[in-house]
file input_28.csv (CSV, C-alpha atoms)
chain,number,residue,atom,x,y,z
A,1,MET,CA,-84.6,0.6,32.4
A,2,ILE,CA,-81.8,-1.4,31.0
A,3,PHE,CA,-78.3,-0.5,32.2
A,4,MET,CA,-75.8,-0.9,29.4
A,5,GLY,CA,-72.8,-2.2,31.4
A,6,LYS,CA,-71.0,-0.3,34.1
A,7,ASN,CA,-71.0,3.4,33.6
A,8,ASP,CA,-68.9,6.1,35.1
A,9,ALA,CA,-70.9,6.0,38.3
A,10,GLY,CA,-70.2,2.3,38.7
A,11,VAL,CA,-73.9,1.5,38.1
A,12,GLY,CA,-75.0,-1.5,36.0
A,13,ILE,CA,-73.8,-4.9,35.0
A,14,SER,CA,-70.1,-5.7,35.2
A,15,ASN,CA,-68.2,-9.0,34.7
A,16,SER,CA,-65.0,-10.9,35.3
A,17,ILE,CA,-64.8,-12.7,32.0
A,18,ARG,CA,-61.4,-11.3,31.0
A,19,THR,CA,-59.8,-12.4,34.3
A,20,LEU,CA,-61.6,-15.8,34.1
A,21,ARG,CA,-60.3,-16.4,30.6
A,22,PHE,CA,-56.8,-15.6,31.7
A,23,LEU,CA,-57.1,-18.1,34.6
A,24,HIS,CA,-58.5,-20.8,32.3
A,25,ASP,CA,-55.3,-21.4,30.3
A,26,GLU,CA,-55.4,-17.9,28.7
A,27,MET,CA,-58.5,-18.9,26.7
A,28,THR,CA,-58.9,-16.6,23.7
A,29,GLN,CA,-62.1,-14.6,23.0
A,30,LYS,CA,-62.6,-16.7,19.9
A,31,GLN,CA,-62.4,-19.9,21.9
A,32,LEU,CA,-64.9,-18.6,24.4
A,33,ALA,CA,-67.2,-17.3,21.5
A,34,GLU,CA,-67.2,-20.8,19.9
A,35,LEU,CA,-68.0,-22.5,23.2
A,36,ILE,CA,-71.0,-20.2,23.9
A,37,GLY,CA,-72.2,-19.9,20.3
A,38,VAL,CA,-71.7,-16.1,19.7
A,39,THR,CA,-69.2,-14.1,17.6
A,40,ARG,CA,-65.9,-12.9,19.0
A,41,GLN,CA,-67.1,-9.3,18.7
A,42,THR,CA,-70.0,-10.1,21.0
A,43,VAL,CA,-67.6,-11.5,23.6
A,44,MET,CA,-65.5,-8.3,23.3
A,45,ALA,CA,-68.7,-6.2,23.7
A,46,ILE,CA,-69.7,-8.2,26.8
A,47,GLU,CA,-66.2,-8.0,28.3
A,48,SER,CA,-66.0,-4.3,27.9
A,49,ASN,CA,-69.5,-3.9,29.4
A,50,LYS,CA,-70.9,-2.4,26.2
A,51,TYR,CA,-73.5,-5.2,25.8
A,52,SER,CA,-75.5,-7.1,28.3
A,53,PRO,CA,-75.8,-10.7,27.2
A,54,THR,CA,-79.0,-12.7,27.1
A,55,LEU,CA,-79.7,-14.8,30.1
A,56,GLU,CA,-78.9,-18.0,28.1
A,57,VAL,CA,-75.5,-16.6,27.0
A,58,ALA,CA,-74.8,-15.5,30.6
A,59,PHE,CA,-75.5,-19.0,31.9
A,60,LYS,CA,-73.4,-20.5,29.1
A,61,ILE,CA,-70.4,-18.3,30.0
A,62,ALA,CA,-70.8,-19.3,33.7
A,63,GLU,CA,-71.0,-23.0,32.7
A,64,VAL,CA,-67.7,-22.7,30.6
A,65,PHE,CA,-65.9,-21.4,33.7
A,66,ASN,CA,-67.8,-23.8,36.0
A,67,LEU,CA,-68.9,-21.0,38.3
A,68,PRO,CA,-72.2,-19.7,39.5
A,69,LEU,CA,-73.7,-16.8,37.5
A,70,GLU,CA,-73.2,-14.3,40.3
A,71,GLU,CA,-69.4,-14.9,40.4
A,72,VAL,CA,-69.1,-14.1,36.7
A,73,PHE,CA,-71.6,-11.2,36.5
A,74,ARG,CA,-72.4,-8.5,39.1
A,75,TYR,CA,-75.1,-5.9,39.2
A,76,ARG,CA,-74.9,-2.7,41.0
A,77,SER,CA,-77.9,-0.5,41.3
A,78,THR,CA,-78.1,3.2,42.2
A,79,ALA,CA,-79.3,2.1,45.7
A,80,ASP,CA,-75.9,0.2,46.4
B,1,MET,CA,-35.9,4.9,18.4
B,2,GLU,CA,-38.8,7.2,19.2
B,3,TRP,CA,-40.1,6.7,15.7
B,4,GLY,CA,-39.8,3.0,16.2
B,5,ILE,CA,-42.0,3.1,19.3
B,6,VAL,CA,-44.6,5.3,17.5
B,7,ASN,CA,-44.4,2.9,14.5
B,8,MET,CA,-44.9,-0.1,16.7
B,9,SER,CA,-47.7,1.6,18.4
B,10,ASN,CA,-49.4,2.3,15.1
B,11,LEU,CA,-48.8,-1.3,14.0
B,12,GLN,CA,-50.3,-2.5,17.2
B,13,LYS,CA,-53.3,-0.2,16.7
B,14,VAL,CA,-53.8,-1.6,13.2
B,15,HIS,CA,-53.5,-5.1,14.5
B,16,GLN,CA,-55.9,-4.4,17.3
B,17,TRP,CA,-58.4,-2.8,14.8
B,18,LEU,CA,-58.2,-5.9,12.6
B,19,GLN,CA,-58.7,-8.1,15.6
B,20,GLU,CA,-61.8,-6.0,16.6
B,21,THR,CA,-63.2,-6.0,13.1
B,22,SER,CA,-65.6,-8.8,12.3
B,23,PHE,CA,-66.2,-10.1,8.8
B,24,ARG,CA,-69.8,-8.8,9.1
B,25,GLU,CA,-68.4,-5.3,9.6
B,26,VAL,CA,-66.2,-5.7,6.5
B,27,THR,CA,-69.3,-6.9,4.5
B,28,LEU,CA,-71.3,-4.0,5.8
B,29,SER,CA,-68.5,-1.6,4.9
B,30,VAL,CA,-68.4,-3.0,1.3
B,31,ASP,CA,-72.2,-2.7,1.0
B,32,LEU,CA,-72.0,0.9,2.2
B,33,ILE,CA,-69.3,1.8,-0.3
B,34,VAL,CA,-71.0,0.1,-3.2
B,35,THR,CA,-74.4,1.8,-2.3
B,36,GLY,CA,-72.6,5.1,-1.9
B,37,TYR,CA,-71.0,4.7,-5.3
B,38,ILE,CA,-74.3,3.8,-6.9
B,39,PHE,CA,-75.8,6.9,-5.3
B,40,TYR,CA,-73.0,9.0,-6.7
B,41,ILE,CA,-73.6,7.5,-10.2
B,42,TYR,CA,-77.3,8.3,-10.0
B,43,LEU,CA,-76.8,11.9,-8.7
B,44,SER,CA,-74.1,12.7,-11.3
B,45,ARG,CA,-76.4,11.4,-14.1
B,46,MET,CA,-79.1,13.7,-12.8
B,47,TYR,CA,-76.8,16.7,-12.3
B,48,TYR,CA,-75.4,16.6,-15.8
B,49,ALA,CA,-78.7,15.7,-17.5
B,50,SER,CA,-80.3,18.2,-19.9
B,51,ALA,CA,-83.9,19.3,-19.5
B,52,GLU,CA,-84.9,17.1,-22.4
B,53,GLU,CA,-83.2,14.1,-20.9
B,54,LEU,CA,-84.9,14.7,-17.5
B,55,ALA,CA,-88.3,14.9,-19.3
B,56,SER,CA,-87.7,11.7,-21.3
B,57,THR,CA,-89.2,8.5,-20.0
B,58,VAL,CA,-86.8,6.5,-22.1
B,59,TRP,CA,-83.8,8.3,-20.6
B,60,ILE,CA,-85.1,7.9,-17.0
B,61,SER,CA,-85.7,4.2,-17.6
B,62,GLY,CA,-82.2,3.8,-18.9
B,63,VAL,CA,-80.7,5.5,-15.8
B,64,LEU,CA,-82.9,3.3,-13.5
B,65,LEU,CA,-81.8,0.2,-15.4
B,66,GLU,CA,-78.2,1.3,-15.2
B,67,VAL,CA,-78.5,1.7,-11.4
B,68,ILE,CA,-80.1,-1.7,-11.0
B,69,ILE,CA,-77.4,-3.4,-13.2
B,70,TYR,CA,-74.7,-1.6,-11.2
B,71,SER,CA,-76.3,-2.7,-7.9
B,72,VAL,CA,-76.5,-6.4,-8.9
B,73,VAL,CA,-73.1,-6.6,-10.6
B,74,LEU,CA,-71.2,-4.7,-7.8
B,75,MET,CA,-72.9,-6.7,-5.0
B,76,VAL,CA,-72.3,-10.0,-6.7
B,77,ILE,CA,-68.6,-9.2,-7.4
B,78,SER,CA,-68.1,-7.9,-3.8
B,79,TYR,CA,-69.7,-11.0,-2.3
B,80,ILE,CA,-67.7,-13.3,-4.4
B,81,ALA,CA,-64.5,-11.4,-3.4
B,82,LEU,CA,-65.5,-11.5,0.3
B,83,ALA,CA,-66.4,-15.2,0.2
B,84,PHE,CA,-62.8,-15.9,-0.8
B,85,VAL,CA,-61.4,-14.2,2.2
B,86,SER,CA,-64.1,-14.9,4.7
B,87,ASP,CA,-62.7,-17.7,6.8
B,88,ASP,CA,-66.2,-19.3,6.8
B,89,GLU,CA,-67.7,-16.4,8.8
B,90,LEU,CA,-70.2,-15.7,6.0
B,91,ASN,CA,-72.0,-18.9,6.6
B,92,GLN,CA,-72.3,-18.5,10.4
B,93,PRO,CA,-75.7,-17.3,11.6
B,94,MET,CA,-76.1,-14.0,13.4
B,95,ASP,CA,-76.1,-14.1,17.2
B,96,VAL,CA,-78.6,-12.2,19.3
B,97,ARG,CA,-76.5,-9.0,19.5
B,98,GLU,CA,-76.0,-8.9,15.8
B,99,LYS,CA,-79.7,-9.5,15.2
B,100,GLN,CA,-80.5,-6.6,17.5
B,101,ILE,CA,-78.1,-4.3,15.6
B,102,ASN,CA,-79.6,-5.5,12.3
B,103,LEU,CA,-83.1,-4.6,13.6
B,104,VAL,CA,-81.9,-1.1,14.7
B,105,GLY,CA,-80.5,-0.6,11.2
B,106,TYR,CA,-83.9,-1.6,9.7
B,107,LYS,CA,-85.7,0.8,12.0
B,108,TYR,CA,-83.8,3.8,10.7
B,109,SER,CA,-84.0,2.5,7.1
B,110,ALA,CA,-87.8,2.2,7.4
B,111,MET,CA,-88.1,5.7,8.9
B,112,ILE,CA,-86.3,7.2,5.9
B,113,LEU,CA,-88.4,5.1,3.4
B,114,GLN,CA,-91.6,6.2,5.1
B,115,VAL,CA,-90.6,9.9,4.8
B,116,GLY,CA,-89.6,9.4,1.2
B,117,VAL,CA,-92.9,7.7,0.3
B,118,VAL,CA,-94.9,10.5,2.0
B,119,LEU,CA,-92.9,13.2,0.2
B,120,ALA,CA,-93.3,11.4,-3.2
B,121,MET,CA,-97.1,11.2,-2.6
B,122,VAL,CA,-97.3,14.9,-1.7
B,123,GLN,CA,-95.2,15.8,-4.7
B,124,TYR,CA,-97.5,13.6,-6.9
B,125,GLY,CA,-100.5,15.5,-5.6
B,126,ILE,CA,-98.9,18.8,-6.2
B,127,GLU,CA,-98.0,17.8,-9.8
B,128,GLN,CA,-101.6,16.8,-10.4
B,129,GLN,CA,-102.7,20.3,-9.4
B,130,ALA,CA,-99.9,22.0,-11.4
B,131,GLU,CA,-102.3,23.9,-13.5
B,132,THR,CA,-103.8,25.6,-10.5
B,133,ILE,CA,-100.5,26.1,-8.7
B,134,LEU,CA,-98.7,27.4,-11.8
B,135,PHE,CA,-95.1,26.5,-11.2
B,136,GLU,CA,-92.8,24.1,-13.0
B,137,THR,CA,-91.4,21.0,-11.2
B,138,ILE,CA,-88.6,18.6,-12.3
B,139,PRO,CA,-90.2,15.9,-14.5
B,140,HIS,CA,-90.8,12.6,-12.8
B,141,LEU,CA,-89.9,14.1,-9.4
B,142,PRO,CA,-91.9,11.6,-7.3
B,143,LEU,CA,-89.8,8.8,-8.9
B,144,HIS,CA,-86.6,10.6,-8.0
B,145,ILE,CA,-87.7,11.2,-4.5
B,146,LEU,CA,-88.5,7.5,-4.1
B,147,LEU,CA,-85.1,6.4,-5.5
B,148,VAL,CA,-83.2,8.9,-3.4
B,149,ALA,CA,-85.2,7.7,-0.3
B,150,PHE,CA,-84.4,4.1,-1.2
B,151,LEU,CA,-80.7,4.7,-1.6
B,152,THR,CA,-80.5,6.9,1.5
B,153,ALA,CA,-82.3,4.2,3.5
B,154,GLU,CA,-79.9,1.6,2.3
B,155,LEU,CA,-76.9,3.8,3.3
B,156,ALA,CA,-78.6,4.4,6.7
B,157,HIS,CA,-79.2,0.6,7.1
B,158,TYR,CA,-75.5,-0.2,6.6
B,159,GLY,CA,-74.1,2.9,8.4
B,160,VAL,CA,-76.2,2.5,11.5
B,161,GLN,CA,-75.2,-1.1,11.8
B,162,LEU,CA,-71.6,-0.2,11.5
B,163,TYR,CA,-71.9,2.6,14.1
B,164,LYS,CA,-74.0,0.6,16.6
B,165,GLY,CA,-71.8,-2.4,16.2
B,166,ARG,CA,-68.7,-0.3,16.9
B,167,THR,CA,-70.0,1.8,19.7
B,168,GLY,CA,-72.1,-0.9,21.4
B,169,ASP,CA,-74.9,1.5,21.9
B,170,ILE,CA,-77.5,-0.8,20.4
B,171,TYR,CA,-80.5,0.2,22.6
B,172,GLY,CA,-80.7,3.7,21.2

call {"tool": "encode", "arguments": {"input": "input_28.csv", "output": "structure tokens"}}
result
Amino acid sequence: MIFMGKNDAGVGISNSIRTLRFLHDEMTQKQLAELIGVTRQTVMAIESNKYSPTLEVAFKIAEVFNLPLEEVFRYRSTAD
Amino acid sequence: MEWGIVNMSNLQKVHQWLQETSFREVTLSVDLIVTGYIFYIYLSRMYYASAEELASTVWISGVLLEVIIYSVVLMVISYIALAFVSDDELNQPMDVREKQINLVGYKYSAMILQVGVVLAMVQYGIEQQAETILFETIPHLPLHILLVAFLTAELAHYGVQLYKGRTGDIYG
């Protein structure tokens, strides 16, 4: 089963992209979108946990912020 | 003062909406409106047509030609207008999320088309046995069913993409 972002029970994929953008010279969504090759709306959807990015896009985002993947994205299952 | 705060808030909401709206959404909205208008033209022609006109192959051909010409002209005009305001977004390829949303749109569109084709085939079969069934149907009804299914499928294609893109619920 694919979890679409973090739901009310706190289950699913969440991320720190918004905070990381702010810490990286207040990078805009458009700038990040251009760096990772997606549209600004896709960055918005990822940030708001409405869309889980592909593995490639997830790695690209982590690469932009020079961080390991698990520091950008977190997964919480029902077992946690 | 309070009005100013409310007004600012509304302005901010409009600004935020514009920020959140992609050019692809604008394009889809224009396609949706144009298709809806063509659908309206077709339905109004059918509604106000006389029994003789509905039975006339020449009249039906004229309406179909009119719908096709409207489709081509309105789509070309809207795309030219959008190209002028696009900020080069029109030429950018779709990313994975947009492709997924596009596929979901096609799924619903295909379902409506399938239902339309089956209904048209059933209606055609009924018309062939009209002498035994003994009831009158609208002339060329299978053709109308196909056209309505096609236009509805187009509306669903654009509408579903707009809805899925906005809500983010693309796996449904």

call {"tool": "interface_residues", "arguments": {"input": "input_28.csv", "of": "chain B", "to": "chain A", "cutoff": "7 Å", "atoms": "all atoms listed in the file", "output": "number ranges by chain"}}
result
B: 20, 22, 95, 97, 168

call {"tool": "residues_around", "arguments": {"input": "input_28.csv", "residues": "Leu147 in chain B", "least_positions_apart": "4", "cutoff": "10 Å", "atoms": "all atoms listed in the file", "output": "list in words"}}
result
Phe39, Tyr42, Leu64, Leu113, Gly116, Val117, Ala120, Leu141, Pro142, Leu143, Leu151, Thr152 and Ala153 of chain B

call {"tool": "residues_around", "arguments": {"input": "input_28.csv", "residues": "Thr27 in chain B", "least_positions_apart": "5", "cutoff": "9 Å", "atoms": "all atoms listed in the file", "output": "PDB file with C-alpha atoms, in the frame of the given file"}}
result
ATOM      1  CA  SER B  22     -65.600  -8.800  12.300  1.00  0.00           C
ATOM      2  CA  LEU B  32     -72.000   0.900   2.200  1.00  0.00           C
ATOM      3  CA  SER B  78     -68.100  -7.900  -3.800  1.00  0.00           C
ATOM      4  CA  TYR B  79     -69.700 -11.000  -2.300  1.00  0.00           C
ATOM      5  CA  LEU B  82     -65.500 -11.500   0.300  1.00  0.00           C
ATOM      6  CA  LEU B  90     -70.200 -15.700   6.000  1.00  0.00           C
TER       7      LEU B  90
END

call {"tool": "atom_distance", "arguments": {"input": "input_28.csv", "atom1": "CA of Ile36 in chain A", "atom2": "CA of Leu55 in chain A"}}
result
12.0 Å

call {"tool": "residues_around", "arguments": {"input": "input_28.csv", "residues": "range 63-70 of chain A", "least_positions_apart": "6", "cutoff": "12 Å", "atoms": "all atoms listed in the file", "output": "list of chain:residue names"}}
result
A:Ile13, A:Ser14, A:Asn15, A:Ser16, A:Ile17, A:Arg18, A:Thr19, A:Leu20, A:Arg21, A:Phe22, A:Leu23, A:His24, A:Asp25, A:Met27, A:Gln31, A:Leu32, A:Ala33, A:Glu34, A:Leu35, A:Ile36, A:Gly37, A:Leu55, A:Glu56, A:Val57, A:Arg76
